[in-house]
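*Asks:* To be precise about what I am sending: the file is called data.txt and holds compact mmCIF, C-alpha atoms.
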```txt
# COMPACT_ATOMS: atom_id res chain seq x y z
CA MET A 937 0.00 0.00 0.00
CA GLN A 938 1.08 3.55 -0.66
CA ILE A 939 2.29 5.56 2.33
CA VAL A 940 -0.20 8.21 3.44
CA PRO A 941 1.04 11.11 5.61
CA THR A 942 -0.24 11.19 9.17
CA LYS A 943 -0.18 14.07 11.65
CA VAL A 944 2.99 13.23 13.53
CA VAL A 945 5.85 10.75 13.85
CA TRP A 946 7.49 9.91 17.17
CA MET A 947 11.21 10.67 16.86
CA ASP A 948 13.66 10.34 19.74
CA GLY A 949 11.12 11.26 22.40
CA LYS A 950 9.27 13.99 20.51
CA LEU A 951 6.18 14.07 18.33
CA VAL A 952 7.33 15.65 15.06
CA PRO A 953 5.07 16.83 12.21
CA TRP A 954 5.10 14.37 9.32
CA ASP A 955 6.94 16.62 6.88
CA GLN A 956 9.70 17.29 9.44
CA ALA A 957 10.27 13.61 10.29
CA THR A 958 13.54 13.23 8.41
CA ILE A 959 17.00 11.71 8.89
CA HIS A 960 20.31 12.92 7.50
CA VAL A 961 21.78 11.42 4.31
CA ALA A 962 24.98 10.69 6.26
CA SER A 963 23.14 8.40 8.65
CA HIS A 964 24.83 5.03 8.98
CA VAL A 965 21.56 3.20 8.33
CA ILE A 966 21.35 4.55 4.77
CA HIS A 967 24.79 3.28 3.87
CA TYR A 968 24.90 -0.02 5.79
CA ALA A 969 21.30 -1.01 6.67
CA SER A 970 22.02 -0.73 10.40
CA SER A 971 18.48 -0.87 11.73
CA VAL A 972 16.03 -3.07 13.60
CA PHE A 973 12.27 -2.74 13.45
CA SER A 974 8.95 -4.26 14.35
CA GLY A 975 5.41 -4.04 13.02
CA GLY A 976 2.28 -4.34 15.13
CA ARG A 977 -1.40 -3.54 14.80
CA CYS A 978 -4.04 -1.64 16.69
CA TYR A 979 -7.62 -2.66 15.93
CA ARG A 980 -11.03 -1.16 16.59
CA ARG A 981 -13.48 -3.44 18.33
CA ALA A 982 -17.15 -3.62 17.45
CA ASN A 983 -17.98 -1.35 20.42
CA GLY A 984 -15.63 1.31 19.06
CA ASP A 985 -12.79 0.81 21.53
CA PRO A 986 -9.21 0.69 20.22
CA VAL A 987 -7.26 -2.41 21.16
CA GLY A 988 -3.56 -3.00 20.60
CA PHE A 989 -2.48 -6.57 19.93
CA ARG A 990 0.67 -7.78 21.71
CA LEU A 991 2.23 -4.31 21.63
CA TYR A 992 4.44 -5.00 24.64
CA ASP A 993 5.79 -8.13 22.96
CA HIS A 994 6.67 -6.06 19.90
CA ALA A 995 8.54 -3.57 22.09
CA LYS A 996 10.39 -6.39 23.82
CA ARG A 997 11.42 -8.05 20.56
CA LEU A 998 12.67 -4.70 19.31
CA VAL A 999 14.99 -4.42 22.30
CA ASP A 1000 16.05 -8.06 21.87
CA SER A 1001 16.98 -7.29 18.26
CA CYS A 1002 19.10 -4.40 19.55
CA LYS A 1003 20.96 -6.85 21.80
CA LEU A 1004 21.81 -9.02 18.81
CA THR A 1005 23.04 -6.05 16.79
CA LEU A 1006 25.18 -4.45 19.53
CA MET A 1007 22.91 -1.44 19.94
CA ALA A 1008 21.21 -2.22 23.25
CA ASP A 1009 23.82 -0.60 25.48
CA GLN A 1010 23.44 2.67 23.54
CA LEU A 1011 19.65 2.56 23.33
CA PRO A 1012 18.20 5.26 25.62
CA TYR A 1013 14.77 3.61 25.86
CA SER A 1014 13.49 0.65 27.84
CA VAL A 1015 10.82 -1.81 26.72
CA ASP A 1016 8.29 0.14 28.82
CA ASP A 1017 9.35 3.42 27.20
CA ILE A 1018 8.87 2.00 23.72
CA TYR A 1019 5.51 0.46 24.60
CA HIS A 1020 4.23 3.76 25.97
CA ALA A 1021 5.61 5.69 22.99
CA ILE A 1022 3.72 3.40 20.61
CA ILE A 1023 0.47 4.18 22.42
CA GLN A 1024 1.28 7.89 22.45
CA THR A 1025 1.88 7.87 18.69
CA ILE A 1026 -1.48 6.19 18.03
CA GLU A 1027 -3.27 8.67 20.29
CA ALA A 1028 -1.56 11.70 18.78
CA ASN A 1029 -2.59 10.69 15.26
CA GLY A 1030 -6.08 9.56 16.18
CA LEU A 1031 -5.80 6.73 13.65
CA VAL A 1032 -7.46 3.43 14.55
CA PRO A 1033 -7.22 0.80 13.16
CA CYS A 1034 -3.61 1.17 12.19
CA TYR A 1035 -0.34 -0.61 11.49
CA ILE A 1036 2.59 0.40 13.71
CA ARG A 1037 6.20 0.60 12.55
CA PRO A 1038 8.84 1.36 15.24
CA VAL A 1039 12.42 1.54 13.91
CA ILE A 1040 15.71 1.82 15.78
CA TYR A 1041 18.66 2.83 13.62
CA ARG A 1042 22.18 4.18 13.55
CA GLY A 1043 22.36 7.91 12.84
CA TYR A 1044 25.43 9.76 11.64
CA GLY A 1045 28.73 9.97 13.47
CA GLU A 1046 31.34 8.63 11.11
CA LEU A 1047 31.38 6.98 7.69
CA GLY A 1048 32.55 3.39 7.63
CA VAL A 1049 31.37 -0.12 8.37
CA MET A 1050 32.10 0.16 12.10
CA SER A 1051 28.98 1.65 13.64
CA ARG A 1052 29.70 2.03 17.35
CA ASN A 1053 30.58 5.72 17.00
CA CYS A 1054 27.21 6.46 15.43
CA PRO A 1055 24.26 7.31 17.70
CA VAL A 1056 21.26 5.04 18.17
CA ASN A 1057 18.06 6.82 17.14
CA MET A 1058 14.45 5.76 17.00
CA PHE A 1059 11.17 6.67 15.32
CA ILE A 1060 7.62 5.31 15.31
CA LEU A 1061 5.16 5.86 12.50
CA ILE A 1062 1.68 4.48 11.96
CA GLN A 1063 -0.31 3.84 8.81
CA ASP A 1064 -3.79 2.83 7.75
CA TRP A 1065 -2.78 -0.52 6.28
CA GLY A 1066 -5.29 -3.17 5.34
CA SER A 1067 -4.64 -6.77 4.37
CA TYR A 1068 -0.95 -7.05 3.42
CA LEU A 1069 -1.42 -9.81 0.83
CA GLY A 1070 -4.95 -8.99 -0.23
CA ASP A 1071 -8.25 -10.66 0.51
CA ARG A 1072 -7.91 -13.75 -1.71
CA PRO A 1073 -5.68 -16.80 -1.14
CA ALA A 1074 -2.08 -15.97 -1.96
CA ARG A 1075 -0.28 -17.34 -5.01
CA VAL A 1076 3.34 -18.05 -4.08
CA MET A 1077 6.52 -19.31 -5.69
CA VAL A 1078 9.49 -21.06 -4.11
CA SER A 1079 12.42 -18.70 -4.46
CA SER A 1080 15.90 -19.52 -5.65
CA ARG A 1081 17.23 -17.29 -2.88
CA ARG A 1082 18.23 -19.05 0.33
CA ARG A 1083 17.92 -17.72 3.85
CA PRO A 1084 21.36 -17.34 5.48
CA ARG A 1085 22.24 -19.50 8.46
CA SER A 1086 22.24 -17.93 11.91
CA ASP A 1087 26.01 -18.30 12.17
CA SER A 1088 26.23 -15.88 9.23
CA MET A 1089 23.54 -13.41 10.34
CA PHE A 1090 21.30 -13.35 13.40
CA MET A 1091 18.13 -14.45 11.63
CA GLY A 1092 16.20 -14.24 14.91
CA ALA A 1093 16.68 -10.45 14.90
CA LYS A 1094 14.28 -8.31 12.90
CA THR A 1095 16.91 -6.22 11.12
CA GLY A 1096 16.76 -4.19 7.95
CA ALA A 1097 19.77 -6.08 6.61
CA ASN A 1098 18.02 -9.44 7.01
CA TYR A 1099 15.31 -8.28 4.62
CA GLN A 1100 17.61 -7.71 1.66
CA PRO A 1101 17.11 -11.27 0.27
CA GLY A 1102 13.39 -10.89 0.97
CA GLN A 1103 13.22 -7.76 -1.18
CA TYR A 1104 14.61 -9.67 -4.14
CA MET A 1105 12.25 -12.59 -3.50
CA LYS A 1106 9.18 -10.38 -3.26
CA ASN A 1107 10.06 -8.23 -6.25
CA LEU A 1108 10.77 -11.19 -8.51
CA ALA A 1109 7.65 -13.03 -7.37
CA THR A 1110 5.38 -10.10 -8.19
CA MET A 1111 7.14 -9.55 -11.53
CA LEU A 1112 6.31 -13.16 -12.40
CA GLY A 1113 2.65 -12.82 -11.44
CA PHE A 1114 2.77 -14.25 -7.89
CA ASP A 1115 1.86 -12.51 -4.65
CA GLU A 1116 4.75 -13.72 -2.52
CA ALA A 1117 7.74 -16.06 -2.37
CA ILE A 1118 8.97 -18.71 0.02
CA ALA A 1119 12.66 -19.09 0.82
CA LEU A 1120 14.44 -22.31 1.65
CA THR A 1121 17.33 -22.70 4.08
CA GLU A 1122 20.87 -23.25 2.86
CA ASP A 1123 20.17 -26.97 3.40
CA GLY A 1124 17.17 -26.81 1.06
CA LEU A 1125 14.48 -26.99 3.76
CA VAL A 1126 11.44 -24.73 4.16
CA SER A 1127 12.20 -21.45 5.92
CA GLU A 1128 9.69 -18.59 5.53
CA GLY A 1129 8.27 -15.97 3.20
CA SER A 1130 9.85 -12.61 2.43
CA GLY A 1131 8.11 -11.13 5.46
CA GLU A 1132 5.95 -13.90 6.92
CA ASN A 1133 6.24 -17.19 8.77
CA ILE A 1134 4.60 -20.22 7.18
CA PHE A 1135 2.43 -23.09 8.43
CA MET A 1136 1.28 -26.32 6.79
CA VAL A 1137 -1.49 -28.74 7.74
CA ARG A 1138 -1.22 -32.47 6.99
CA ASP A 1139 -3.71 -35.02 8.32
CA GLY A 1140 -4.92 -32.63 11.02
CA VAL A 1141 -1.43 -31.79 12.34
CA LEU A 1142 -0.09 -28.24 12.12
CA TYR A 1143 3.57 -27.94 11.05
CA THR A 1144 5.88 -24.94 10.97
CA PRO A 1145 9.66 -24.64 10.50
CA ASP A 1146 11.55 -24.56 13.77
CA LEU A 1147 13.57 -21.55 14.85
CA ALA A 1148 16.78 -23.22 13.64
CA SER A 1149 15.41 -23.05 10.07
CA SER A 1150 16.59 -19.43 9.62
CA VAL A 1151 13.19 -18.02 10.58
CA LEU A 1152 12.20 -14.99 12.61
CA GLY A 1153 10.42 -15.88 15.81
CA GLY A 1154 7.32 -14.00 14.73
CA ILE A 1155 4.84 -12.73 17.30
CA MET A 1156 1.93 -13.86 15.13
CA ARG A 1157 3.71 -17.19 14.69
CA ASP A 1158 3.78 -17.59 18.47
CA THR A 1159 0.14 -16.49 18.65
CA VAL A 1160 -0.98 -19.13 16.14
CA ILE A 1161 0.96 -21.90 17.91
CA THR A 1162 -0.61 -20.89 21.23
CA LEU A 1163 -4.13 -20.68 19.83
CA ALA A 1164 -3.80 -23.98 17.97
CA ARG A 1165 -2.70 -25.83 21.09
CA ASP A 1166 -5.53 -24.21 23.08
CA LEU A 1167 -7.89 -25.58 20.42
CA GLY A 1168 -6.48 -29.09 20.83
CA ILE A 1169 -4.59 -29.06 17.51
CA GLU A 1170 -1.25 -30.85 17.51
CA VAL A 1171 1.60 -28.49 16.56
CA ARG A 1172 5.02 -29.65 15.40
CA GLU A 1173 7.92 -27.21 15.07
CA GLN A 1174 10.52 -29.05 13.03
CA ARG A 1175 12.71 -29.08 9.95
CA ILE A 1176 10.42 -29.41 6.94
CA PRO A 1177 11.29 -30.67 3.44
CA PRO A 1178 9.96 -28.59 0.52
CA GLU A 1179 7.69 -31.46 -0.54
CA PHE A 1180 5.36 -30.39 2.28
CA LEU A 1181 4.61 -27.19 0.40
CA TYR A 1182 3.05 -29.12 -2.47
CA THR A 1183 1.41 -32.00 -0.62
CA SER A 1184 -0.11 -30.36 2.48
CA ASP A 1185 -3.86 -30.08 2.91
CA GLU A 1186 -3.61 -26.42 3.97
CA VAL A 1187 -0.83 -23.82 3.84
CA PHE A 1188 -0.93 -20.31 5.28
CA PHE A 1189 1.27 -17.33 6.10
CA THR A 1190 1.33 -15.51 9.42
CA GLY A 1191 2.61 -12.09 10.38
CA SER A 1192 1.48 -8.90 12.05
CA ALA A 1193 0.96 -7.36 8.60
CA ALA A 1194 -0.24 -10.54 6.86
CA GLU A 1195 -2.23 -11.71 9.93
CA ILE A 1196 -3.37 -15.19 8.80
CA THR A 1197 -3.35 -15.44 4.99
CA PRO A 1198 -4.24 -18.73 3.28
CA ILE A 1199 -2.07 -19.89 0.38
CA GLY A 1200 -3.94 -21.25 -2.63
CA LEU A 1201 -1.10 -22.01 -5.04
CA VAL A 1202 2.57 -22.99 -4.66
CA ASP A 1203 4.40 -22.67 -7.98
CA THR A 1204 1.94 -24.53 -10.24
CA THR A 1205 0.38 -26.75 -7.55
CA PRO A 1206 -3.03 -25.78 -6.12
CA ILE A 1207 -3.52 -26.38 -2.39
CA ASP A 1208 -6.46 -28.73 -1.79
CA GLN A 1209 -8.15 -26.80 1.03
CA THR A 1210 -8.00 -23.00 0.80
CA PRO A 1211 -8.81 -21.82 3.34
CA GLY A 1212 -9.00 -25.13 5.16
CA ASN A 1213 -10.83 -25.99 8.36
CA ILE A 1214 -7.83 -25.54 10.65
CA THR A 1215 -6.80 -22.24 9.04
CA THR A 1216 -10.36 -20.98 9.43
CA LEU A 1217 -10.65 -22.19 13.03
CA ILE A 1218 -7.42 -20.50 14.13
CA ARG A 1219 -8.26 -17.30 12.30
CA ARG A 1220 -11.71 -17.23 13.88
CA SER A 1221 -10.13 -17.71 17.31
CA LEU A 1222 -7.64 -14.88 16.69
CA PHE A 1223 -10.26 -12.36 15.61
CA GLY A 1224 -12.61 -13.48 18.36
CA ILE A 1225 -9.94 -12.28 20.79
CA ILE A 1226 -9.25 -9.08 18.87
CA ASN A 1227 -12.91 -8.13 18.44
CA GLY A 1228 -13.86 -9.12 21.99
CA PRO A 1229 -14.78 -7.23 23.97
CA ASP A 1230 -14.74 -9.83 26.74
CA VAL A 1231 -12.25 -12.34 25.30
CA GLU A 1232 -8.67 -11.40 26.11
CA GLY A 1233 -6.48 -14.33 25.01
CA GLN A 1234 -3.27 -14.83 26.94
CA PRO A 1235 -2.28 -12.41 29.74
CA GLY A 1236 -0.62 -9.31 28.35
CA TRP A 1237 -1.80 -9.77 24.78
CA MET A 1238 -4.30 -6.92 24.69
CA THR A 1239 -3.94 -3.21 25.37
CA ARG A 1240 -7.54 -2.18 25.90
CA HIS A 1241 -9.07 1.28 25.80
CA GLY A 1242 -8.69 1.69 29.57
CA GLY A 1243 -4.97 1.02 29.22
CA TRP A 1244 -4.24 3.97 26.94
CA LEU A 1245 -1.86 6.47 28.50
CA THR A 1246 -2.70 10.14 27.96
CA SER A 1247 -0.04 11.98 29.95
CA LEU A 1248 3.38 10.71 28.92
CA ASN A 1249 4.68 14.29 28.84
CA LEU A 1250 6.36 13.87 25.46
CA ALA A 1251 7.33 17.14 23.83
CA THR A 1252 5.68 18.09 20.54
CA GLU A 1253 7.66 20.16 18.07
```
Produce structure tokens that represent the structure in this file.

*Replies:*
Amino acid sequence: MQIVPTKVVWMDGKLVPWDQATIHVASHVIHYASSVFSGGRCYRRANGDPVGFRLYDHAKRLVDSCKLTLMADQLPYSVDDIYHAIIQTIEANGLVPCYIRPVIYRGYGELGVMSRNCPVNMFILIQDWGSYLGDRPARVMVSSRRRPRSDSMFMGAKTGANYQPGQYMKNLATMLGFDEAIALTEDGLVSEGSGENIFMVRDGVLYTPDLASSVLGGIMRDTVITLARDLGIEVREQRIPPEFLYTSDEVFFTGSAAEITPIGLVDTTPIDQTPGNITTLIRRSLFGIINGPDVEGQPGWMTRHGGWLTSLNLATE
């Protein structure tokens, strides 16, 4: 979706008008992709109340990604600070529902690969962003690009650099008439999409690549595993051969942007059940929690209307 200007962007503790929310061309992140980010959602329930979904978990993963990229000791914000700043940004823009994009990056200090002499900066923007992959089952291709191993790059960190192969995958897939691509590991096993985790259903069992398969530990991935087990569905996190992509009864993507998106075609092979019973059941459970208002899911998942903070004392330029 095209970016649409909002009122303000949170930048380093201040709410800055959209047109003034800029970074310098000398910033390290522009030259060396030195950034980490997350992407959450705030929904509007049927009664009109805004509800943030697992916002604290997004803030925590953001800080964890900083630890893996040697930025945490220079980060001036705690998990609580980031969580509250996300809420403040939503309130200041008055935009619900919305997609939330917090980014921590290296600003400018010196030019060169070594980044420790460059400051750690942060911004948060929000957008009105609907279904990431559209409303119909996704058509995907298996990419020739492989996901690096975690001893090459920390694939469990949500970094800008880690998405470079994904950009190629996504661009090529759309150029060839597909909606998305799936990467394999360097060993030729199933990994994930360009920006989504992947699940497969065979004979009533839900499978997903384990965290050693060069995948991001997605928050929606964790949500789906939790909901499936609560529903009595067997879940197996394991190494998965690519044959599963073509022979599974159901296949679907998960992600905060993609939510739960069924896959209807892999390369030239149609998926038998799209969306299948298990995909539908898990998705219904997820949106039952989101739409509430009395169902809350796991402790800490929901930031309800009464939890909004209105006096964080952030300066506004």

*Asks:* Mind checking which residues fall within 10 Å of segment 1193-1205 of chain A, counting all atoms listed in the file, ignoring those fewer than 6 positions away in the same chain, and posting them as an MDAnalysis selection string?

*Replies:* chainID A and resid 975:977 1035:1036 1065:1079 1114:1118 1131:1136 1156:1157 1160 1181:1183 1186:1187 1211:1212 1215:1216 1218:1220 1222:1223

*Asks:* Can you measure atom CA of Asn1107 of chain A to atom CA of Arg1083 of chain A for me? One decimal in Å is fine.

*Replies:*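 Atom CA of Arg1083 of chain A lies at a distance of 15.9 Å from atom CA of Asn1107 of chain A.
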
*Asks:* Rounded to one decimal, what separation in Å do you get between atom CA of Ile1176 of chain A and atom CA of Ala1119 of chain A?

*Replies:*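 Going from atom CA of Ile1176 of chain A over to atom CA of Ala1119 of chain A covers 12.2 Å.
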
*Asks:* At a cut-off of 10 Å, using all atoms listed in the file, what residues contact segment 1006-1013 of chain A? Leave out same-chain residues fewer than 2 positions from it and give the result as number ranges by chain.

*Replies:* A: 948-949, 970-972, 998-1004, 1015-1019, 1021, 1040-1042, 1051-1052, 1054-1058

*Asks:* Could you name the residues that touch Ser1221 of chain A at 12 Å or less, counting all atoms listed in the file, but leaving out those on the same chain fewer than 3 positions away, as a list in words?

*Replies:*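 Contacts, with the query itself left out: Thr1159, Val1160, Ile1161, Thr1162, Leu1163, Ala1164, Arg1165, Asp1166, Leu1167, Ile1196, Ile1214, Thr1215, Thr1216, Leu1217, Ile1218, Gly1224, Ile1225, Ile1226, Asn1227, Gly1228, Val1231, Glu1232 and Gly1233 of chain A.
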
*Asks:* Rank nothing, just name the residue among A:Gln938, A:Thr1144, A:Asn1029, A:Asn1213 nearest to Leu1125 of chain A, using all atoms listed in the file.

*Replies:*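 Ranked by minimum distance to Leu1125 of chain A, first place goes to A:Thr1144.
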
*Asks:* Can you pull out every residue within 8 Å of Tyr1099 of chain A, counting only C-alpha atoms, but drop anything in the same chain fewer than 3 positions away, and send it as a CSV table (one decimal) with C-alpha atoms, in the frame of the given file?

*Replies:*
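In the end it all went to around.csv:
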```csv
chain,number,residue,atom,x,y,z
A,1095,THR,CA,16.9,-6.2,11.1
A,1096,GLY,CA,16.8,-4.2,8.0
A,1102,GLY,CA,13.4,-10.9,1.0
A,1103,GLN,CA,13.2,-7.8,-1.2
A,1130,SER,CA,9.8,-12.6,2.4
A,1131,GLY,CA,8.1,-11.1,5.5
```

*Asks:* Restricting the calculation to all atoms listed in the file: of A:Leu1108, A:Leu1047, A:Leu1031, A:Val1137, which residue gets closest to Phe1189 of chain A?

*Replies:*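 Of the candidates, the smallest distance to Phe1189 of chain A is held by A:Val1137.
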
*Asks:* Quick one, how far is atom CA of Val965 of chain A from atom CA of Ala1097 of chain A?

*Replies:*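 Separation of atom CA of Val965 of chain A and atom CA of Ala1097 of chain A: 9.6 Å.
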
*Asks:* Counting only C-alpha atoms, figure out which residue out of A:Pro1101, A:Pro1177, A:Gly1043, A:Pro1033 gets nearest to Asp985 of chain A.

*Replies:*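 The answer is A:Pro1033, which sits nearest to Asp985 of chain A.
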
*Asks:* List every residue of segment 1059-1158 of chain A that has an atom at most 12 Å from any atom of segment 990-993 of chain A, giving for each one its closest atom pair and the distance in Å to one decimal, counting only C-alpha atoms, sorted by chain and then by ascending residue number, as a Markdown table.

*Replies:*
```
| residue | atom | partner | partner_atom | distance |
| --- | --- | --- | --- | --- |
| A:Gly1153 | CA | A:Asp993 | CA | 11.5 |
| A:Gly1154 | CA | A:Asp993 | CA | 10.2 |
| A:Ile1155 | CA | A:Asp993 | CA | 7.4 |
| A:Met1156 | CA | A:Arg990 | CA | 9.0 |
| A:Asp1158 | CA | A:Asp993 | CA | 10.7 |
```

*Asks:* Name the residues, using the chain letters and numbers of the file, that sit within 10 Å of (4.4, 5.1, 5.5) when counting only C-alpha atoms, and give them as a ChimeraX atom specification.

*Replies:* /A:937-942,1035-1037,1061-1065

*Asks:* Pull C-alpha atoms from the residues just selected and write them as a PDB file, in the coordinates of the input.

*Replies:*
```
ATOM      1  CA  MET A 937       0.000   0.000   0.000  1.00  0.00           C
ATOM      2  CA  GLN A 938       1.080   3.550  -0.660  1.00  0.00           C
ATOM      3  CA  ILE A 939       2.290   5.560   2.330  1.00  0.00           C
ATOM      4  CA  VAL A 940      -0.200   8.210   3.440  1.00  0.00           C
ATOM      5  CA  PRO A 941       1.040  11.110   5.610  1.00  0.00           C
ATOM      6  CA  THR A 942      -0.240  11.190   9.170  1.00  0.00           C
ATOM      7  CA  TYR A1035      -0.340  -0.610  11.490  1.00  0.00           C
ATOM      8  CA  ILE A1036       2.590   0.400  13.710  1.00  0.00           C
ATOM      9  CA  ARG A1037       6.200   0.600  12.550  1.00  0.00           C
ATOM     10  CA  LEU A1061       5.160   5.860  12.500  1.00  0.00           C
ATOM     11  CA  ILE A1062       1.680   4.480  11.960  1.00  0.00           C
ATOM     12  CA  GLN A1063      -0.310   3.840   8.810  1.00  0.00           C
ATOM     13  CA  ASP A1064      -3.790   2.830   7.750  1.00  0.00           C
ATOM     14  CA  TRP A1065      -2.780  -0.520   6.280  1.00  0.00           C
TER      15      TRP A1065
END
```

*Asks:* Taking into account all atoms listed in the file, which residue in the set A:Gln1174, A:Ser1184, A:Thr1110, A:Ser1192 is nearest to Ser1149 of chain A?

*Replies:*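 Among the listed residues, the smallest separation from Ser1149 of chain A belongs to A:Gln1174.
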
*Asks:* For Arg1085 of chain A, find every residue with an atom within 10 Å (counting all atoms listed in the file), except residues of its own chain fewer than 3 positions away, and show them as a PDB file with C-alpha atoms, in the frame of the given file.

*Replies:*
```
ATOM      1  CA  ARG A1082      18.230 -19.050   0.330  1.00  0.00           C
ATOM      2  CA  SER A1088      26.230 -15.880   9.230  1.00  0.00           C
ATOM      3  CA  MET A1089      23.540 -13.410  10.340  1.00  0.00           C
ATOM      4  CA  PHE A1090      21.300 -13.350  13.400  1.00  0.00           C
ATOM      5  CA  MET A1091      18.130 -14.450  11.630  1.00  0.00           C
ATOM      6  CA  THR A1121      17.330 -22.700   4.080  1.00  0.00           C
ATOM      7  CA  GLU A1122      20.870 -23.250   2.860  1.00  0.00           C
ATOM      8  CA  ASP A1123      20.170 -26.970   3.400  1.00  0.00           C
ATOM      9  CA  ALA A1148      16.780 -23.220  13.640  1.00  0.00           C
ATOM     10  CA  SER A1149      15.410 -23.050  10.070  1.00  0.00           C
ATOM     11  CA  SER A1150      16.590 -19.430   9.620  1.00  0.00           C
ATOM     12  CA  VAL A1151      13.190 -18.020  10.580  1.00  0.00           C
TER      13      VAL A1151
END
```

*Asks:* Go through A:Gly1140, A:Pro1084, A:Gly1168, A:Gly1113 one by one, measure the shortest atom-to-atom distance of each to Glu1128 of chain A using all atoms listed in the file, and give the residue with the smallest value.

*Replies:*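 Of A:Gly1140, A:Pro1084, A:Gly1168, A:Gly1113, the one nearest Glu1128 of chain A is A:Pro1084, counting all atoms listed in the file.
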